[in-house]
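As structure tokens, the structure follows; a few thoughts come after it.
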Amino acid sequence: MDSSKLLGITTFIYMFSSMIYLIMFIFRIKKIGLLATVVTIIGVLVQTAGIGMRWLESYQMGIGHAPLSNMYESLVFFAWSIIILYLVVEFIYKNKIIGAFAVPFAFASMAYASLSTEFGKTITPLVPALQSNWLIAHVFTCFIGYAAFAVACGTGIMYLVKLLDKGDNPDSLLATLPSLKTIDDITHKVILFGFIWLSGGIISGAVWANSAWGTYWSWDPKETWSLITWFIYASALHARFTRGWGGKRIAWISIIGFLAVIFTYYGVNFLLSGLHSYGG
Amino acid sequence: MKSKKNSFWEFFASVKLALFCFFTLAIASIAGTIIPQNKPYEFYLGKYGDALAEMFRLLDIPNMYNSWWFISLLSLFSINLIICSIERLPTVWKIVTMDNLATKVNRLEKMTPRVRFGTVQPKQEVVTQVEQTMKASGWKPTQGEREGGTLLFAQKTPWVRFGVYIVHSSILVIFLGAIIGILFGAKGSIMLREKGQVPFFYAFDTSERIPLGFDIRCDDFTLTYYDNGAPKEYRSELTVLENGQEVLKKAIVVNDPLDYKGYTFYQASYEAMNDFWITVQNQNTGARQLFLAQPGVEIKWREAGINFGIVNMLQPDRWGRYRLKIWFSDGKGEPSVFWLDGKTVVTVERPDAPFAFKSEQVFATGLQVAKDPGVWPVYIGCILMLVGLVVAFFLSHKRLWVYVYEEEGKTRILVAGSSNKNKVGFENMFNALVEKLEENESLQLSKV
Ligand code: HEM
């Protein structure tokens with residue numbers, strides 16, 4: 001069993017668990033909720049083994065480095081973080097329906113990682129610029145932040161879906177979703193969590209740039225886009241704390257913010273030029 | 001503060017302005033990532049046409065992040081932050097330092113969470129018991145006589161209310177660091193051939209020579225490759241010299257620069273020269289000499305009485321491996337002609353003695369040079385920001401009041417609390433305390 005097999009299996013498990021969560025939600029079959037959670041936990045265990053194995057394999061190849069060094073590995077870690085974060089939310093709020101809105105993001109990330117032909121999936125040695133512990137810190141912090149924003153986007157969508165609920169039928173599909181207040185609370189808390197990690201990600205990136213090139217900030221497109229993303233979430237926090245924004249507006253910001261995350265992470269590599277030719 | 005409260009002041013203190021700044025900074029930044037930066041005027045002319053190119057020039061778009069209006073926007077943002085903080089800090093200060101025992105009982109009546117109990121126990125006994133129970137749960141109450149009853153008050157982490165201000169001031173500290181860097185820093189580069197030594201570098205913006213105040217020398221540059229041909233390491237052996245004396249030696253690689261007297265030297269690039277270091281050794285006498293050889297130029301080593309030169313060369317492959325064809329004569333019989341690979345030693349038998357040849361390509365190392373006294377303020381600001389964010393997001397100021405009074409010959413207890421955030425977590429904490437009070441048998445509480 002090698003790491004690529006394990007990670008391939010992970011993709012299927014996440015597809016499977018996304019399906020169970022969706023079926024549970026759409027057909028209101030509460031009973032399979034436990035199955036969904038168990039499958040997801042198995043998925044994340046397999047994935048953890050896969051990531052660990054990949055790490056080990058890089059050492060066996062004599063080019064050992066943490067599996068956070070290219071587009072493929074970061075997508076895998078992104079999916080992993082989403083699942084861990086989601087499981088924590090599920091545990092705290094004792095609500096499995098959120099899974100229908102969060103786990104598909106992890107599946108999408110894994111599917112894209114394994115199917116895309118735009119970047120290599122093999123373990124490659126690190127070029128000199130990437131040989132830094134700050135790189136590990138940078139990717140680690142950024143992707144935990146991104147994962148939080150993915151989950152917040154999921155709950156934001158859930159909020160907008162729940163808004164369609166007229167509240168006239170307690171047995172309707174939408175009535176099974178948590179209350180608007182709860183969804184809003186989850187979105188907000190997850191954004192707070194993500195904001196700290198994104199801040200840490202931008203900071204560790206700056207420290208890395210300074211140790212490699214002597215400039216902590218150079219307005220390179222990727223840096224700039226991470227700052228834009230940061231501004232979007234900062235405005236969400238301020239609007240909420242000082243102007244009482246909540247609910248629908250925050251739900252929309254969580255979606256717009258996540259689109260900015262995707263652009264920072266993916267769009268910049270392919271559409272704009274700059275230092276971070278990392279995924280190429 | 002009141003006297004300054006005119007509309008001008010209010011404008012700068014408003015969060016609306018902050019949201020405006022976030023929005024415009026974001027939009028401007030997006031523009032800066034879409035329109036390529038720092039290209040010559042012709043580039044914009046070709047890509048966007050006359051009118052747009054001219055407009056870009058007027059608005060400094062090609063160097064947007066340093067333009068007057070972008071800097072002004074950042075300044076507006078800073079002023080906004082400062083004034084907003086000045087405006088709000090006194091209130092926060094008051095909340096943190098206020099005497100909560102002066103809280104009016106009718107305020108407590110409106111708080112959530114809140115519960116009221118009655119008991120037949122005498123008031124003084126109840127106060128003592130409540131105080132003990134609070135202490136046992138980690139609350140440290142103070143007490144005072146209010147409106148005929150006794151008020152107990154305890155709070156946790158009032159200072160977290162300053163968390164937001166730590167975050168806000170961290171941004172100013174980062175800006176301060178950036179300004180220090182712009183005013184007192186210098187950035188540039190040098191291309192240094194192996195064995196080359198310079199007392200200056202070239203500034204990025206003006207291309208001027210900037211004196212270092214000491215000399216920097218590159219003793220050796222090595223480039224190593226992975227099996228797949230990808231570069232593995234760029235390494236420059238550097239020496240710092242003061243008045244001709246070696247004072248510091250360090251081998252730098254990317255991500256591990258050399259620091260000396262406020263200047264930092266980064267491994268940035270390299271260039272392979274068409275010259276070679278050739279070491280020749282007479283194997284009998286042991287005499288050895290290093291020569292700098294260029295293809296097609298004959299070299300004489302008088303003491304040893306020999307001549308040699310590079311007559312042909314095969315360009316390096318992807319692992320940097322080259323081959324040199326060497327012509328070599330000691331004046332005795334036919335000259336030798338042989339191939340010399342990079343870094344291998346070739347020994348040539350001559351009538352007098354065997355001679356060993358070794359070659360190495362000459363490189364120039366590209367060093368980036370930076371002096372930035374603002375880096376430390378920036379880093380301190382970053383740490384402050386992270387600490388402040390954790391405080392602002394995850395800690396809360398919790399307050400708890402217990403009012404014990406007499407009514408209709410009975411003792412009544414009003415327990416009330418408030419928390420500036422995480423209401424759910426606080427309610428759990430509140431309920432845990434209430435439960436403890438209910439379990440306390442000497443209180444004999446009953447709900448009213
Ligand atoms: C990028 C810059 C900024 C960041 C990262 C930032 C961050 C924060 C954070 C984390 C909070 C705390 C929210 C909470 O209590 O959980 C906050 C609150 C606040 N911020 Fe900012 N801020 C920034 C800029 C500004 C600016 C320019 C203003 C100017 C008016 C401002 C005004 C406020 C106000 C009034 C609050 C509410 C404080 C309170 O709860 O009493 N912020 N900010």
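Residue numbering restarts at 1 for every chain of the structure tokens, chains are lettered A, B, ... in their displayed order, and ligands are numbered from 1 as they appear.
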Using only C-alpha atoms and all ligand atoms, what does the table of chain B residues within 8 Å of ligand 1 look like, with each row giving the shortest atom pair and its distance in Å to one decimal, sorted by chain and ascending number, as a tab-separated table?
residue	atom	partner	partner_atom_place_in_ligand_line	distance
B:Phe12	CA	ligand 1	30 (C)	7.4
B:Ala13	CA	ligand 1	30 (C)	5.4
B:Ser14	CA	ligand 1	30 (C)	5.0
B:Val15	CA	ligand 1	30 (C)	4.0
B:Lys16	CA	ligand 1	30 (C)	7.2
B:Leu17	CA	ligand 1	30 (C)	6.5
B:Ala18	CA	ligand 1	27 (C)	4.3
B:Leu19	CA	ligand 1	27 (C)	7.6
B:Cys21	CA	ligand 1	27 (C)	7.2
B:Phe22	CA	ligand 1	1 (C)	7.2
B:Phe77	CA	ligand 1	27 (C)	5.2
B:Ser78	CA	ligand 1	27 (C)	6.4
B:Ile79	CA	ligand 1	27 (C)	7.8
B:Asn80	CA	ligand 1	29 (C)	4.9
B:Leu81	CA	ligand 1	27 (C)	4.2
B:Ile82	CA	ligand 1	29 (C)	7.5
B:Ile83	CA	ligand 1	30 (C)	7.4
B:Cys84	CA	ligand 1	30 (C)	4.7
B:Ser85	CA	ligand 1	32 (C)	7.3
B:Arg88	CA	ligand 1	41 (O)	7.0
B:Val92	CA	ligand 1	41 (O)	7.5
B:Arg161	CA	ligand 1	41 (O)	7.7
B:Gly163	CA	ligand 1	12 (C)	7.5
B:Val164	CA	ligand 1	12 (C)	4.8
B:Tyr165	CA	ligand 1	17 (C)	7.8
B:Val167	CA	ligand 1	7 (C)	5.8
B:His168	CA	ligand 1	22 (N)	5.5
B:Ile171	CA	ligand 1	2 (C)	6.5
B:Met385	CA	ligand 1	5 (C)	7.9
B:Gly388	CA	ligand 1	10 (C)	7.5
B:Leu389	CA	ligand 1	10 (C)	5.3
B:Ala392	CA	ligand 1	16 (O)	4.9
B:Phe393	CA	ligand 1	16 (O)	4.7
(request) Find the residues of chain A in contact range of chain B, meaning any atom within 8 Å when counting only C-alpha atoms, and list them as a PyMOL selection string. (result) chain A and resi 125-129+131-132+192+196+199-200+203+208+211-215+219-221+224-225+227-228+231-232+234-235+238-239+242+272
Just-selected residues, N, CA and C atoms written as a short mmCIF file (atom, residue, chain, number, x, y, z; two decimals), in the first residue's frame:
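Output file again.cif is given in full below:
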data_model
loop_
_atom_site.label_atom_id
_atom_site.label_comp_id
_atom_site.auth_asym_id
_atom_site.auth_seq_id
_atom_site.Cartn_x
_atom_site.Cartn_y
_atom_site.Cartn_z
N PRO A 125 11.83 16.63 -5.31
CA PRO A 125 12.72 17.28 -4.35
C PRO A 125 12.44 18.78 -4.29
N LEU A 126 12.79 19.39 -3.18
CA LEU A 126 12.51 20.81 -2.99
C LEU A 126 13.60 21.65 -3.62
N VAL A 127 13.20 22.61 -4.45
CA VAL A 127 14.17 23.56 -4.97
C VAL A 127 14.61 24.46 -3.82
N PRO A 128 15.78 25.11 -3.97
CA PRO A 128 16.34 25.84 -2.82
C PRO A 128 15.39 26.82 -2.13
N ALA A 129 14.57 27.56 -2.90
CA ALA A 129 13.72 28.57 -2.26
C ALA A 129 12.72 27.94 -1.31
N GLN A 131 13.22 25.29 0.58
CA GLN A 131 13.83 24.56 1.69
C GLN A 131 13.85 25.43 2.94
N SER A 132 12.69 25.53 3.59
CA SER A 132 12.62 26.39 4.76
C SER A 132 11.50 25.91 5.67
N LEU A 192 -14.07 33.56 12.63
CA LEU A 192 -13.10 34.07 13.60
C LEU A 192 -11.87 33.16 13.62
N ILE A 196 -7.86 34.17 12.27
CA ILE A 196 -6.58 34.07 13.00
C ILE A 196 -5.56 33.28 12.20
N SER A 199 -4.37 35.23 9.21
CA SER A 199 -3.40 36.24 9.65
C SER A 199 -2.05 35.57 9.88
N GLY A 200 -2.08 34.43 10.57
CA GLY A 200 -0.83 33.69 10.81
C GLY A 200 -0.19 33.25 9.50
N ILE A 203 1.45 36.25 7.88
CA ILE A 203 2.64 36.63 8.65
C ILE A 203 3.78 35.63 8.41
N TRP A 208 8.95 34.21 5.86
CA TRP A 208 9.65 33.35 4.92
C TRP A 208 10.27 34.18 3.79
N SER A 211 13.30 35.88 4.94
CA SER A 211 14.50 35.07 5.14
C SER A 211 15.06 34.57 3.81
N ALA A 212 14.23 34.56 2.77
CA ALA A 212 14.73 34.09 1.49
C ALA A 212 15.20 35.22 0.57
N TRP A 213 14.51 36.37 0.62
CA TRP A 213 14.81 37.43 -0.33
C TRP A 213 15.09 38.79 0.30
N GLY A 214 14.89 38.89 1.61
CA GLY A 214 15.17 40.16 2.25
C GLY A 214 14.06 41.18 2.08
N THR A 215 12.87 40.73 1.72
CA THR A 215 11.73 41.64 1.60
C THR A 215 10.52 40.91 2.15
N TRP A 219 4.13 42.97 -2.64
CA TRP A 219 2.92 43.17 -3.44
C TRP A 219 2.89 42.22 -4.62
N ASP A 220 3.40 41.04 -4.44
CA ASP A 220 3.27 40.03 -5.48
C ASP A 220 1.79 39.62 -5.51
N PRO A 221 1.25 39.22 -6.67
CA PRO A 221 -0.20 39.01 -6.76
C PRO A 221 -0.76 38.07 -5.71
N THR A 224 -0.90 39.89 -2.47
CA THR A 224 -1.94 40.90 -2.52
C THR A 224 -3.32 40.28 -2.40
N TRP A 225 -3.50 39.16 -3.08
CA TRP A 225 -4.82 38.52 -3.00
C TRP A 225 -5.09 37.96 -1.62
N LEU A 227 -4.15 39.37 1.04
CA LEU A 227 -4.51 40.57 1.79
C LEU A 227 -5.95 41.00 1.48
N ILE A 228 -6.32 40.88 0.21
CA ILE A 228 -7.69 41.23 -0.18
C ILE A 228 -8.68 40.32 0.57
N PHE A 231 -8.95 41.48 4.02
CA PHE A 231 -9.79 42.68 4.13
C PHE A 231 -11.27 42.30 4.11
N ILE A 232 -11.62 41.35 3.25
CA ILE A 232 -13.03 40.96 3.14
C ILE A 232 -13.52 40.43 4.49
N ALA A 234 -12.10 40.91 7.41
CA ALA A 234 -12.01 41.96 8.42
C ALA A 234 -13.25 42.85 8.35
N SER A 235 -13.73 43.14 7.12
CA SER A 235 -14.91 44.00 7.04
C SER A 235 -16.13 43.25 7.58
N HIS A 238 -16.00 43.63 11.35
CA HIS A 238 -16.35 44.98 11.81
C HIS A 238 -17.82 45.28 11.63
N ALA A 239 -18.34 44.87 10.47
CA ALA A 239 -19.75 45.13 10.22
C ALA A 239 -20.58 44.43 11.28
N THR A 242 -19.78 46.19 14.98
CA THR A 242 -20.11 47.58 15.25
C THR A 242 -21.41 48.02 14.59
N LEU A 272 -2.52 35.03 -13.09
CA LEU A 272 -1.63 36.17 -12.89
C LEU A 272 -0.23 35.63 -12.70
#
(request) Find the residues near Tyr322 in chain B: any atom within 9 Å, counting only C-alpha atoms, skip ones fewer than 2 places away on the same chain, and give them as number ranges by chain. (result) B: 313-317, 319-320, 324, 340-342, 361
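Non-sequential neighbours of Gln124 in chain B (distance at most 9 Å, separation of 3 or more positions within a chain, only C-alpha atoms) are Gln121, Val127, Thr128, Gln129, Thr150 and Val404 of chain B.
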(request) Mind giving me the straight-line distance from CA of Ile144 in chain A to CA of Ala113 in chain A in Å, one decimal? (result) 17.1 Å
(request) May I have all residues of range 129-242 of chain B that DSSP, computed from the backbone, assigns to strand (DSSP E), given as number ranges by chain? (result) B: 142-146, 149-156, 186-193, 197-203, 209-225, 231-242
(message) Which residues are near Arg209 in chain B? Cut-off 12 Å, only C-alpha atoms, ignore same chain within fewer than 6 positions. Put them as a PyMOL selection string.
(response) chain B and resi 186-190+198-203
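Distances to Phe363 in chain B were evaluated for B:Leu248, B:Leu223, B:Val434, B:Leu101 using only C-alpha atoms, and the minimum falls at B:Leu223.
The interatomic distance for the pair CA of Tyr112 in chain A and CA of Gly229 in chain B works out to 28.3 Å.
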(request) Excluding Trp376 in chain B and residues on its chain fewer than 4 positions from it, collect all residues at most 12 Å away from it, counting only C-alpha atoms, and give them as a VMD selection string. (result) (chain A and resid 207 210 216) or (chain B and resid 173 to 178 180 to 181 262 371 to 372 380 to 383)
For the selection just defined, write its residues with C-alpha atoms to a file, as a short mmCIF file (atom, residue, chain, number, x, y, z; two decimals), in the first residue's frame.
data_model
loop_
_atom_site.label_atom_id
_atom_site.label_comp_id
_atom_site.auth_asym_id
_atom_site.auth_seq_id
_atom_site.Cartn_x
_atom_site.Cartn_y
_atom_site.Cartn_z
CA VAL A 207 8.78 35.98 7.48
CA ASN A 210 12.20 37.98 4.36
CA TYR A 216 8.79 40.73 3.77
CA VAL B 173 3.32 49.20 14.69
CA ILE B 174 3.61 47.28 11.40
CA PHE B 175 3.11 50.48 9.41
CA LEU B 176 5.71 52.19 11.57
CA GLY B 177 8.17 49.39 10.79
CA ALA B 178 7.41 49.74 7.09
CA ILE B 180 11.31 53.00 9.11
CA GLY B 181 12.32 50.55 6.40
CA GLY B 262 22.75 45.79 9.72
CA LYS B 371 19.31 46.82 5.21
CA ASP B 372 15.96 47.14 6.91
CA ILE B 380 6.72 42.73 16.90
CA GLY B 381 3.56 44.13 15.33
CA CYS B 382 2.80 40.71 13.83
CA ILE B 383 3.16 38.98 17.19
#
(request) If you run DSSP over the backbone, which residues in range 134-307 of chain B end up alpha helix (DSSP H)? Put them as a list in words. (result) Met134, Lys135, Ala136, Gly163, Val164, Tyr165, Ile166, Val167, His168, Ser169, Ser170, Ile171, Leu172, Val173, Ile174, Phe175, Leu176, Gly177, Ala178, Ile179, Ile180, Gly181, Ile182, Leu183 and Phe184 of chain B
(request) Grab the CA of Lys222 in chain A to CA of Ile157 in chain A distance for me, in Å with one decimal place. (result) 26.4 Å
(message) Using only C-alpha atoms, can you tell me which of A:Ser116, A:Ser4, A:Ser172, A:Thr141 comes closest to Met53 in chain A?
(response)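 Residue with the minimum atom-to-atom distance to Met53 in chain A: A:Ser4.
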(message) Between A:Phe78, A:Phe195, A:Tyr86, A:Tyr59, which residue has the minimum interatomic distance to Val139 in chain A, considering only C-alpha atoms?
(response)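 Using only C-alpha atoms, the shortest distance to Val139 in chain A belongs to A:Phe78.
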(message) What's around Glu408 in chain B at 12 Å? Count only C-alpha atoms, leave out sequence neighbours fewer than 6 positions away in its own chain, and write the answer as number ranges by chain.
(response) B: 118-120
(request) Return the single residue from B:Ser137, B:Asn6, B:Ser396, B:Thr112 that is closest to Glu435 in chain B, with distances computed using only C-alpha atoms. (result)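 Ranking B:Ser137, B:Asn6, B:Ser396, B:Thr112 by distance to Glu435 in chain B, first place goes to B:Ser137.
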